[in-house]
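Peer 1: As input, take structure24.cif (mmCIF, C-alpha atoms):
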```
data_upload
loop_
_atom_site.group_PDB
_atom_site.id
_atom_site.type_symbol
_atom_site.label_atom_id
_atom_site.label_comp_id
_atom_site.auth_asym_id
_atom_site.auth_seq_id
_atom_site.Cartn_x
_atom_site.Cartn_y
_atom_site.Cartn_z
ATOM 1 C CA MET D 573 184.148 71.962 45.235
ATOM 2 C CA ILE D 574 182.019 75.080 45.165
ATOM 3 C CA THR D 575 182.168 77.552 42.292
ATOM 4 C CA LYS D 576 180.513 80.962 42.064
ATOM 5 C CA ARG D 577 180.703 83.388 39.159
ATOM 6 C CA VAL D 578 180.613 87.187 39.100
ATOM 7 C CA PHE D 579 177.650 88.904 37.462
ATOM 8 C CA GLY D 580 178.178 89.419 33.741
ATOM 9 C CA ARG D 581 181.592 87.686 34.015
ATOM 10 C CA GLN D 582 183.058 91.069 34.972
ATOM 11 C CA PHE D 583 186.506 91.206 36.584
ATOM 12 C CA ARG D 584 185.190 92.619 39.848
ATOM 13 C CA LEU D 585 187.304 90.182 41.884
ATOM 14 C CA ARG D 586 190.389 91.306 39.985
ATOM 15 C CA PRO D 587 193.365 90.813 42.285
ATOM 16 C CA CYS D 588 194.512 93.723 44.403
ATOM 17 C CA GLU D 589 195.789 93.956 47.954
ATOM 18 C CA LEU D 590 192.418 94.904 49.452
ATOM 19 C CA THR D 591 190.273 92.421 47.499
ATOM 20 C CA ASN D 592 192.704 89.605 48.317
ATOM 21 C CA ALA D 593 192.606 90.543 52.004
ATOM 22 C CA ILE D 594 188.797 90.634 52.037
ATOM 23 C CA ILE D 595 188.496 87.166 50.524
ATOM 24 C CA ARG D 596 191.058 85.619 52.862
ATOM 25 C CA TYR D 597 189.577 87.292 55.937
ATOM 26 C CA VAL D 598 185.958 86.381 55.203
ATOM 27 C CA VAL D 599 186.780 82.755 54.392
ATOM 28 C CA ALA D 600 188.907 82.425 57.539
ATOM 29 C CA VAL D 601 186.181 83.844 59.809
ATOM 30 C CA ILE D 602 183.254 81.964 58.264
ATOM 31 C CA ALA D 603 185.134 78.661 58.018
ATOM 32 C CA LYS D 604 185.906 78.796 61.732
ATOM 33 C CA LYS D 605 182.296 79.702 62.535
ATOM 34 C CA THR D 606 180.821 76.826 60.515
ATOM 35 C CA GLY D 607 183.472 74.161 61.129
ATOM 36 C CA ILE D 608 184.322 73.977 57.421
ATOM 37 C CA LYS D 609 187.734 72.503 56.548
ATOM 38 C CA ILE D 610 189.312 74.313 53.613
ATOM 39 C CA HIS D 611 191.628 72.332 51.321
ATOM 40 C CA CYS D 612 192.022 74.810 48.479
ATOM 41 C CA ILE D 613 190.873 78.305 47.551
ATOM 42 C CA VAL D 614 191.440 80.079 44.234
ATOM 43 C CA ALA D 615 189.896 83.463 43.439
ATOM 44 C CA MET D 616 189.989 84.383 39.777
ATOM 45 C CA SER D 617 188.981 87.820 38.498
ATOM 46 C CA ASN D 618 185.416 86.753 37.705
ATOM 47 C CA HIS D 619 184.792 83.590 39.728
ATOM 48 C CA TRP D 620 186.175 81.560 42.573
ATOM 49 C CA HIS D 621 186.656 77.915 43.579
ATOM 50 C CA VAL D 622 186.813 76.445 47.080
ATOM 51 C CA CYS D 623 187.531 72.766 47.775
ATOM 52 C CA LEU D 624 186.373 71.826 51.249
ATOM 53 C CA THR D 625 185.032 69.220 53.656
ATOM 54 C CA ASP D 626 181.829 69.903 55.574
ATOM 55 C CA PRO D 627 181.868 67.769 58.773
ATOM 56 C CA GLU D 628 178.941 69.534 60.461
ATOM 57 C CA GLY D 629 176.576 69.872 57.487
ATOM 58 C CA ARG D 630 176.791 73.672 57.421
ATOM 59 C CA ILE D 631 177.943 74.302 53.864
ATOM 60 C CA SER D 632 174.773 76.309 53.178
ATOM 61 C CA GLU D 633 175.750 78.775 55.899
ATOM 62 C CA PHE D 634 179.332 78.897 54.655
ATOM 63 C CA THR D 635 178.421 79.689 51.044
ATOM 64 C CA ARG D 636 175.662 82.122 52.042
ATOM 65 C CA ASP D 637 177.834 84.141 54.425
ATOM 66 C CA CYS D 638 181.017 84.066 52.335
ATOM 67 C CA HIS D 639 179.232 85.269 49.230
ATOM 68 C CA ALA D 640 177.230 87.904 51.115
ATOM 69 C CA PHE D 641 180.134 89.453 53.028
ATOM 70 C CA ILE D 642 182.652 89.246 50.195
ATOM 71 C CA ALA D 643 180.158 91.027 47.928
ATOM 72 C CA ARG D 644 179.349 93.757 50.436
ATOM 73 C CA ALA D 645 182.953 94.362 51.417
ATOM 74 C CA VAL D 646 184.296 94.399 47.847
ATOM 75 C CA ASN D 647 181.485 96.750 46.770
ATOM 76 C CA ALA D 648 182.192 99.054 49.704
ATOM 77 C CA ALA D 649 185.919 99.041 48.959
ATOM 78 C CA HIS D 650 185.460 100.011 45.303
ATOM 79 C CA GLY D 651 182.338 102.154 45.474
ATOM 80 C CA ASP D 652 180.057 99.700 43.671
ATOM 81 C CA PHE D 653 176.374 99.270 44.483
ATOM 82 C CA GLU D 654 175.065 96.552 42.172
ATOM 83 C CA SER D 655 175.144 92.786 42.637
ATOM 84 C CA LEU D 656 178.625 91.291 42.645
ATOM 85 C CA TRP D 657 177.683 87.662 42.092
ATOM 86 C CA SER D 658 175.747 86.100 39.246
ATOM 87 C CA ASN D 659 172.195 85.125 40.112
ATOM 88 C CA GLU D 660 172.774 81.590 38.863
ATOM 89 C CA GLN D 661 172.926 78.904 41.520
ATOM 90 C CA THR D 662 176.248 78.190 43.210
ATOM 91 C CA SER D 663 177.850 75.061 41.793
ATOM 92 C CA HIS D 664 178.366 72.288 44.359
ATOM 93 C CA VAL D 665 180.288 69.257 43.103
ATOM 94 C CA THR D 666 180.620 66.319 45.479
ATOM 95 C CA CYS D 667 183.886 64.405 45.205
ATOM 96 C CA VAL D 668 183.091 60.741 45.749
ATOM 97 C CA GLU D 669 186.623 59.420 46.274
ATOM 98 C CA PRO D 670 189.838 61.029 47.587
ATOM 99 C CA GLU D 671 191.381 60.912 44.109
ATOM 100 C CA ASP D 672 188.490 62.982 42.782
ATOM 101 C CA LEU D 673 189.140 65.695 45.357
ATOM 102 C CA VAL D 674 192.833 65.826 44.425
ATOM 103 C CA ARG D 675 191.810 66.250 40.776
ATOM 104 C CA LYS D 676 189.509 69.141 41.711
ATOM 105 C CA ILE D 677 192.260 70.790 43.747
ATOM 106 C CA ALA D 678 194.576 70.535 40.743
ATOM 107 C CA TYR D 679 191.812 71.919 38.502
ATOM 108 C CA ALA D 680 191.323 74.955 40.735
ATOM 109 C CA MET D 681 195.018 75.638 41.335
ATOM 110 C CA ALA D 682 195.799 75.436 37.598
ATOM 111 C CA ASN D 683 192.906 77.739 36.654
ATOM 112 C CA PRO D 684 195.086 80.851 36.099
ATOM 113 C CA VAL D 685 197.177 78.855 33.623
ATOM 114 C CA ALA D 686 194.150 77.219 31.987
ATOM 115 C CA ALA D 687 192.741 80.707 31.333
ATOM 116 C CA TYR D 688 196.064 81.763 29.712
ATOM 117 C CA LEU D 689 196.566 84.498 32.282
ATOM 118 C CA VAL D 690 199.928 83.450 33.747
ATOM 119 C CA ALA D 691 202.302 80.721 32.570
ATOM 120 C CA HIS D 692 202.780 79.392 36.099
ATOM 121 C CA GLY D 693 200.106 79.328 38.765
ATOM 122 C CA LYS D 694 202.503 80.576 41.424
ATOM 123 C CA ASN D 695 202.618 83.908 39.569
ATOM 124 C CA TRP D 696 198.881 84.536 39.957
ATOM 125 C CA PRO D 697 198.541 87.792 41.928
ATOM 126 C CA GLY D 698 195.213 86.815 43.483
ATOM 127 C CA VAL D 699 194.231 84.371 46.196
ATOM 128 C CA ARG D 700 195.549 80.931 45.290
ATOM 129 C CA THR D 701 196.485 78.453 47.997
ATOM 130 C CA CYS D 702 195.993 74.844 48.985
ATOM 131 C CA TRP D 703 197.126 72.405 51.633
ATOM 132 C CA PRO D 704 199.889 72.050 52.914
ATOM 133 C CA ALA D 705 200.298 75.843 52.913
ATOM 134 C CA LYS D 706 201.129 77.255 56.319
ATOM 135 C CA PRO D 707 198.348 78.969 58.313
ATOM 136 C CA MET D 708 198.029 82.660 57.424
ATOM 137 C CA ILE D 709 197.071 85.327 59.949
ATOM 138 C CA VAL D 710 194.885 87.880 58.181
ATOM 139 C CA LYS D 711 194.159 91.310 59.649
ATOM 140 C CA ARG D 712 190.637 92.695 59.503
ATOM 141 C CA PRO D 713 190.468 94.822 56.322
ATOM 142 C CA GLN D 714 189.724 98.501 56.773
ATOM 143 C CA ARG D 715 186.208 99.760 56.065
ATOM 144 C CA PHE D 716 182.993 97.763 56.226
ATOM 145 C CA PHE D 717 183.982 95.257 58.944
ATOM 146 C CA ARG D 718 183.320 96.562 62.456
ATOM 147 C CA GLY D 719 185.378 95.308 65.363
ATOM 148 C CA GLY D 720 184.412 95.140 69.018
ATOM 149 C CA LYS D 721 185.407 98.754 69.708
ATOM 150 C CA ASN D 722 182.809 99.930 67.196
ATOM 151 C CA GLY D 723 180.013 97.636 68.302
ATOM 152 C CA GLY D 724 180.768 94.873 65.796
ATOM 153 C CA GLN D 725 181.773 91.247 66.162
ATOM 154 C CA TRP D 726 184.465 90.902 63.509
ATOM 155 C CA PRO D 727 187.790 89.840 65.089
ATOM 156 C CA ASP D 728 190.929 91.926 64.679
ATOM 157 C CA THR D 729 192.664 88.969 63.018
ATOM 158 C CA ALA D 730 191.635 85.613 61.591
ATOM 159 C CA CYS D 731 193.635 82.499 60.758
ATOM 160 C CA LEU D 732 193.207 81.104 57.251
ATOM 161 C CA GLU D 733 194.186 77.471 57.635
ATOM 162 C CA MET D 734 194.349 74.788 54.976
ATOM 163 C CA SER D 735 193.336 71.279 56.088
ATOM 164 C CA ARG D 736 194.698 68.002 54.803
ATOM 165 C CA PRO D 737 192.270 66.408 52.302
ATOM 166 C CA PRO D 738 190.555 63.261 53.615
ATOM 167 C CA GLY D 739 191.654 59.807 52.516
ATOM 168 C CA TYR D 740 195.145 58.546 51.692
ATOM 169 C CA ASP D 741 195.609 57.414 55.293
ATOM 170 C CA GLU D 742 198.520 55.243 54.167
ATOM 171 C CA MET D 743 200.422 58.351 53.011
ATOM 172 C CA SER D 744 202.429 60.727 55.135
ATOM 173 C CA ASP D 745 201.816 64.467 54.858
ATOM 174 C CA ASP D 746 204.910 64.812 52.666
ATOM 175 C CA GLN D 747 203.793 62.024 50.326
ATOM 176 C CA LEU D 748 200.297 63.440 49.912
ATOM 177 C CA ALA D 749 201.651 66.964 49.435
ATOM 178 C CA GLU D 750 203.917 65.657 46.675
ATOM 179 C CA LYS D 751 200.992 63.886 45.005
ATOM 180 C CA ILE D 752 198.929 67.080 44.987
ATOM 181 C CA ALA D 753 201.866 69.162 43.735
ATOM 182 C CA ASP D 754 202.504 66.678 40.911
ATOM 183 C CA ALA D 755 198.832 66.795 39.877
ATOM 184 C CA ILE D 756 198.949 70.599 39.749
ATOM 185 C CA LYS D 757 202.212 70.639 37.772
ATOM 186 C CA GLU D 758 200.894 68.078 35.291
ATOM 187 C CA ARG D 759 197.729 70.074 34.638
ATOM 188 C CA GLU D 760 199.593 73.373 34.284
ATOM 189 C CA GLN D 761 202.066 71.791 31.866
ATOM 190 C CA MET D 762 199.167 70.493 29.768
ATOM 191 C CA PHE D 763 197.910 74.054 29.245
ATOM 192 C CA ARG D 764 201.390 75.430 28.559
ATOM 193 C CA ASN D 765 201.806 72.772 25.879
ATOM 194 C CA ARG D 766 198.397 73.622 24.451
ATOM 195 C CA ALA D 767 199.239 77.335 24.374
ATOM 196 C CA ARG D 768 202.484 76.607 22.544
ATOM 197 C CA LYS D 769 200.714 74.356 20.032
ATOM 198 C CA GLU D 770 197.938 76.874 19.341
ATOM 199 C CA GLY D 771 200.267 79.878 19.268
ATOM 200 C CA LYS D 772 198.590 81.562 22.226
ATOM 201 C CA ARG D 773 200.349 83.881 24.665
ATOM 202 C CA PHE D 774 199.775 84.306 28.366
ATOM 203 C CA LEU D 775 198.438 87.686 29.407
ATOM 204 C CA GLY D 776 200.935 88.124 32.228
ATOM 205 C CA ARG D 777 200.728 89.232 35.837
ATOM 206 C CA ARG D 778 201.083 92.961 35.160
ATOM 207 C CA ALA D 779 198.392 92.980 32.475
ATOM 208 C CA VAL D 780 196.015 91.141 34.834
ATOM 209 C CA LEU D 781 196.494 93.850 37.455
ATOM 210 C CA ASP D 782 195.932 96.558 34.846
ATOM 211 C CA GLN D 783 192.565 95.201 33.691
ATOM 212 C CA SER D 784 189.447 97.227 34.402
ATOM 213 C CA ARG D 785 187.254 95.727 37.106
ATOM 214 C CA HIS D 786 184.225 96.259 34.882
ATOM 215 C CA ALA D 787 185.698 94.576 31.825
ATOM 216 C CA SER D 788 184.840 90.992 30.927
ATOM 217 C CA PRO D 789 186.301 88.232 28.706
ATOM 218 C CA HIS D 790 185.905 88.586 24.952
ATOM 219 C CA THR D 791 185.121 84.889 24.607
ATOM 220 C CA ARG D 792 181.513 83.731 24.711
ATOM 221 C CA GLU D 793 180.432 81.588 27.635
ATOM 222 C CA PRO D 794 178.728 78.293 26.729
ATOM 223 C CA ARG D 795 175.058 78.352 27.676
ATOM 224 C CA PHE D 796 172.524 75.714 28.653
ATOM 225 C CA LYS D 797 175.155 73.158 29.603
ATOM 226 C CA PRO D 798 174.353 70.643 32.366
ATOM 227 C CA SER D 799 175.843 71.547 35.737
ATOM 228 C CA PRO D 800 177.621 68.509 37.209
ATOM 229 C CA ARG D 801 176.948 67.689 40.846
ATOM 230 C CA VAL D 802 179.225 64.666 41.211
ATOM 231 C CA ALA D 803 182.916 64.196 40.412
ATOM 232 C CA CYS D 804 184.062 60.592 40.246
ATOM 233 C CA ILE D 805 186.511 59.023 37.827
ATOM 234 C CA ASN D 806 185.137 55.586 38.745
ATOM 235 C CA LYS D 807 182.084 55.058 36.518
ATOM 236 C CA TRP D 808 180.263 52.659 38.824
ATOM 237 C CA ARG D 809 180.863 54.708 41.968
ATOM 238 C CA ARG D 810 179.594 57.747 40.067
ATOM 239 C CA ILE D 811 176.415 55.915 39.045
ATOM 240 C CA GLU D 812 175.980 54.709 42.623
ATOM 241 C CA LYS D 813 176.288 58.255 43.955
ATOM 242 C CA LEU D 814 173.831 59.653 41.405
ATOM 243 C CA GLN D 815 171.325 56.944 42.304
ATOM 244 C CA ALA D 816 171.794 57.706 46.015
ATOM 245 C CA ASP D 817 171.126 61.407 45.340
ATOM 246 C CA LYS D 818 167.983 60.505 43.410
ATOM 247 C CA GLN D 819 166.819 58.351 46.311
ATOM 248 C CA TRP D 820 167.526 61.207 48.746
ATOM 249 C CA ARG D 821 165.316 63.568 46.775
ATOM 250 C CA ALA D 822 162.515 60.997 46.765
ATOM 251 C CA ASP D 823 162.862 60.443 50.539
ATOM 252 C CA TYR D 824 162.848 64.185 51.158
ATOM 253 C CA LYS D 825 159.737 64.676 49.028
ATOM 254 C CA ARG D 826 157.850 61.972 50.953
ATOM 255 C CA ALA D 827 158.963 63.405 54.313
ATOM 256 C CA LEU D 828 157.912 66.915 53.267
ATOM 257 C CA GLU D 829 154.496 65.688 52.155
ATOM 258 C CA ARG D 830 153.944 63.974 55.518
ATOM 259 C CA TRP D 831 155.074 67.082 57.406
ATOM 260 C CA ARG D 832 152.715 69.300 55.404
ATOM 261 C CA ALA D 833 149.929 66.860 56.202
ATOM 262 C CA GLY D 834 150.518 67.507 59.902
ATOM 263 C CA ASP D 835 152.803 64.597 60.849
ATOM 264 C CA ARG D 836 155.399 66.171 63.152
ATOM 265 C CA THR D 837 156.999 62.801 63.945
ATOM 266 C CA VAL D 838 158.400 62.370 60.443
ATOM 267 C CA VAL D 839 162.186 62.024 60.160
ATOM 268 C CA PHE D 840 163.809 63.820 57.233
ATOM 269 C CA PRO D 841 166.827 62.341 55.427
ATOM 270 C CA PRO D 842 170.332 63.423 56.476
ATOM 271 C CA GLY D 843 171.463 66.589 54.755
ATOM 272 C CA THR D 844 168.141 68.394 55.164
ATOM 273 C CA TYR D 845 169.000 72.001 55.937
ATOM 274 C CA GLN D 846 166.245 74.589 55.535
ATOM 275 C CA MET D 847 163.488 72.566 57.189
ATOM 276 C CA ARG D 848 165.810 71.693 60.048
ATOM 277 C CA VAL D 849 166.908 75.300 60.620
ATOM 278 C CA LEU D 850 163.548 77.012 60.124
ATOM 279 C CA HIS D 851 161.184 74.412 61.569
ATOM 280 C CA GLY D 852 163.351 72.184 63.758
ATOM 281 C CA VAL D 853 162.395 68.941 61.990
ATOM 282 C CA ARG D 854 164.096 65.727 63.026
ATOM 283 C CA CYS D 855 166.739 64.337 60.702
ATOM 284 C CA ALA D 856 168.444 60.972 60.394
ATOM 285 C CA GLU D 857 172.080 60.738 61.414
ATOM 286 C CA ALA D 858 174.469 61.942 58.721
ATOM 287 C CA GLN D 859 178.043 61.031 57.864
ATOM 288 C CA ALA D 860 180.637 63.679 56.997
ATOM 289 C CA GLN D 861 180.508 64.618 53.311
ATOM 290 C CA THR D 862 183.432 65.749 51.158
ATOM 291 C CA THR D 863 182.585 68.514 48.707
#
```
Mind turning this structure into structure tokens?
Peer 2:
Amino acid sequence: MITKRVFGRQFRLRPCELTNAIIRYVVAVIAKKTGIKIHCIVAMSNHWHVCLTDPEGRISEFTRDCHAFIARAVNAAHGDFESLWSNEQTSHVTCVEPEDLVRKIAYAMANPVAAYLVAHGKNWPGVRTCWPAKPMIVKRPQRFFRGGKNGGQWPDTACLEMSRPPGYDEMSDDQLAEKIADAIKEREQMFRNRARKEGKRFLGRRAVLDQSRHASPHTREPRFKPSPRVACINKWRRIEKLQADKQWRADYKRALERWRAGDRTVVFPPGTYQMRVLHGVRCAEAQAQTT
């Protein structure tokens, strides 16, 4: 699951017809270009979540291009000129097991309820969809994106398609869809119960749409908290994954040192991106990773 926040926590992704169209269109185009399989996408007013699988090891391109083009297009649409996204690093959380990915999908889909914005996620006026939603044909938004007639390469339409999450091979599509729906309902109900217990009210769909794009939450954001990189409910699998990541960093460091020393035969560990793209280094074979 990737997460990216808006600069200053401002509501500059506040739902509206044009902003929603920009997000859907950019994700559809870039996902097709990079081979990314989208399982879930939720765009809140000041951040977004995408649950995905990266079969070709191109998640760096996906996040780079999605964030760049969404920012430019949204700024152009609303007459803004400053940075849209926060300068903090994009959060990448690797889901070790299929169950962990389902939990992250439920987390993202229930976000509008968890933030006490709408009582039911289905009422969120922004982008909020997950598998098994039907493919959506999105027209190229007006302004910013240039089509072929104007010397650009942006297609007239793009298909935003949700892919079935990996794992659960013993389940049919209907069974897995029901499991995901139940996880979302359970999480949303938890926050409705909490709101009732604490006497809190949901802001409501209309009030969300009426918010200023340059406003921000009144609550203070926790600072200096560790940013998780692994999601795994199984303690031992989580430890195993963290140890594997530590070993990867050590292998990469050794390979980089050898390359800097002039050894062009060195093989970098799978998952190496920048050195492979910029310098054409050799990399070990990689298996598909779920993020």
Peer 1: What residues have an atom no more than 12 Å from (190.9, 66.1, 45.1) in the file's own frame, counting all atoms listed in the file, and can you write them as a ChimeraX atom specification?
Peer 2: /D:573,610-612,622-625,665-681,702-703,736-740,748-749,751-753,755-756,803-805,862-863
Peer 1: Could you spell out the hits of the PyMOL selection byres ((chain D and resi 785-792) around 6) on the shown file, as JSON, numbers by chain?
Peer 2: {"D": [581, 582, 583, 584, 784, 793]}
Peer 1: Taking into account all atoms listed in the file, which residue in the set D:Val802, D:Ala691, D:Met743, D:Val838 is nearest to Arg773 of chain D?
Peer 2: D:Ala691
Peer 1: On this structure, which residues satisfy the PyMOL selection byres ((chain D and resi 778) around 12), written as a list of chain:residue names?
Peer 2: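 Going through the file, the PyMOL selection byres ((chain D and resi 778) around 12) ends up selecting D:Arg586, D:Pro587, D:Cys588, D:Leu689, D:Val690, D:Asn695, D:Trp696, D:Pro697, D:Gly698, D:Phe774, D:Leu775, D:Gly776, D:Arg777, D:Ala779, D:Val780, D:Leu781, D:Asp782, D:Gln783.
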Peer 1: What's the separation between atom CA of Ala593 of chain D and atom CA of Ala645 of chain D, in Å to one decimal place?
Peer 2: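 Computing the Euclidean distance for atom CA of Ala593 of chain D and atom CA of Ala645 of chain D yields 10.4 Å.
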Peer 1: Taking all atoms listed in the file into account, name the residue in D:Glu733, D:Glu812, D:Glu628, D:Asp652 that is nearest to Met708 of chain D.
Peer 2: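 Nearest candidate to Met708 of chain D out of D:Glu733, D:Glu812, D:Glu628, D:Asp652: D:Glu733.
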Peer 1: On this file, the PyMOL selection byres ((chain D and resi 845-853) around 10) gives some set of residues; write that set as a tab-separated table (two decimals) with C-alpha atoms, in the coordinates of the input.
Peer 2:
```tsv
chain	number	residue	atom	x	y	z
D	629	GLY	CA	176.58	69.87	57.49
D	630	ARG	CA	176.79	73.67	57.42
D	631	ILE	CA	177.94	74.30	53.86
D	632	SER	CA	174.77	76.31	53.18
D	633	GLU	CA	175.75	78.78	55.90
D	828	LEU	CA	157.91	66.92	53.27
D	831	TRP	CA	155.07	67.08	57.41
D	836	ARG	CA	155.40	66.17	63.15
D	837	THR	CA	157.00	62.80	63.94
D	838	VAL	CA	158.40	62.37	60.44
D	839	VAL	CA	162.19	62.02	60.16
D	840	PHE	CA	163.81	63.82	57.23
D	841	PRO	CA	166.83	62.34	55.43
D	842	PRO	CA	170.33	63.42	56.48
D	843	GLY	CA	171.46	66.59	54.76
D	844	THR	CA	168.14	68.39	55.16
D	854	ARG	CA	164.10	65.73	63.03
D	855	CYS	CA	166.74	64.34	60.70
```
Peer 1: Ranking D:Ala767, D:Ala687, D:Ala827, D:Met734 by minimum distance to Pro707 of chain D and counting all atoms listed in the file, which one comes first?
Peer 2: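 Of D:Ala767, D:Ala687, D:Ala827, D:Met734, the one nearest Pro707 of chain D, counting all atoms listed in the file, is D:Met734.
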Peer 1: Box in all listed atoms of segment 583-596 of chain D, axis-aligned, with 4 Å more on each side; write out centre and edge lengths in Å to one decimal as lines of an AutoDock Vina configuration file.
Peer 2:
```
center_x = 190.5
center_y = 90.3
center_z = 44.7
size_x = 18.6
size_y = 17.3
size_z = 24.3
```
Peer 1: Taking (178.9, 77.0, 39.2) in the coordinates of the supplied file, I want to know which residues reach to within 9 Å of it, counting only C-alpha atoms; could you give the answer as number ranges by chain?
Peer 2: D: 574-577, 619, 621, 660-665, 799-800
Peer 1: Which residue is closest to Ser735 of chain D? Choose from D:Cys638, D:Pro684, D:Lys694, D:Ala705 and count all atoms listed in the file.
Peer 2: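 The answer is D:Ala705, which sits nearest to Ser735 of chain D.
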Peer 1: List the spatial neighbours of Ile594 of chain D as a list in words - criterion: any atom at most 9 Å away, only C-alpha atoms, same-chain residues fewer than 6 positions off excluded.
Peer 2: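 Surrounding residues, per the criterion: Phe641, Ile642, Ala645, Val646, Arg712 and Pro713 of chain D.
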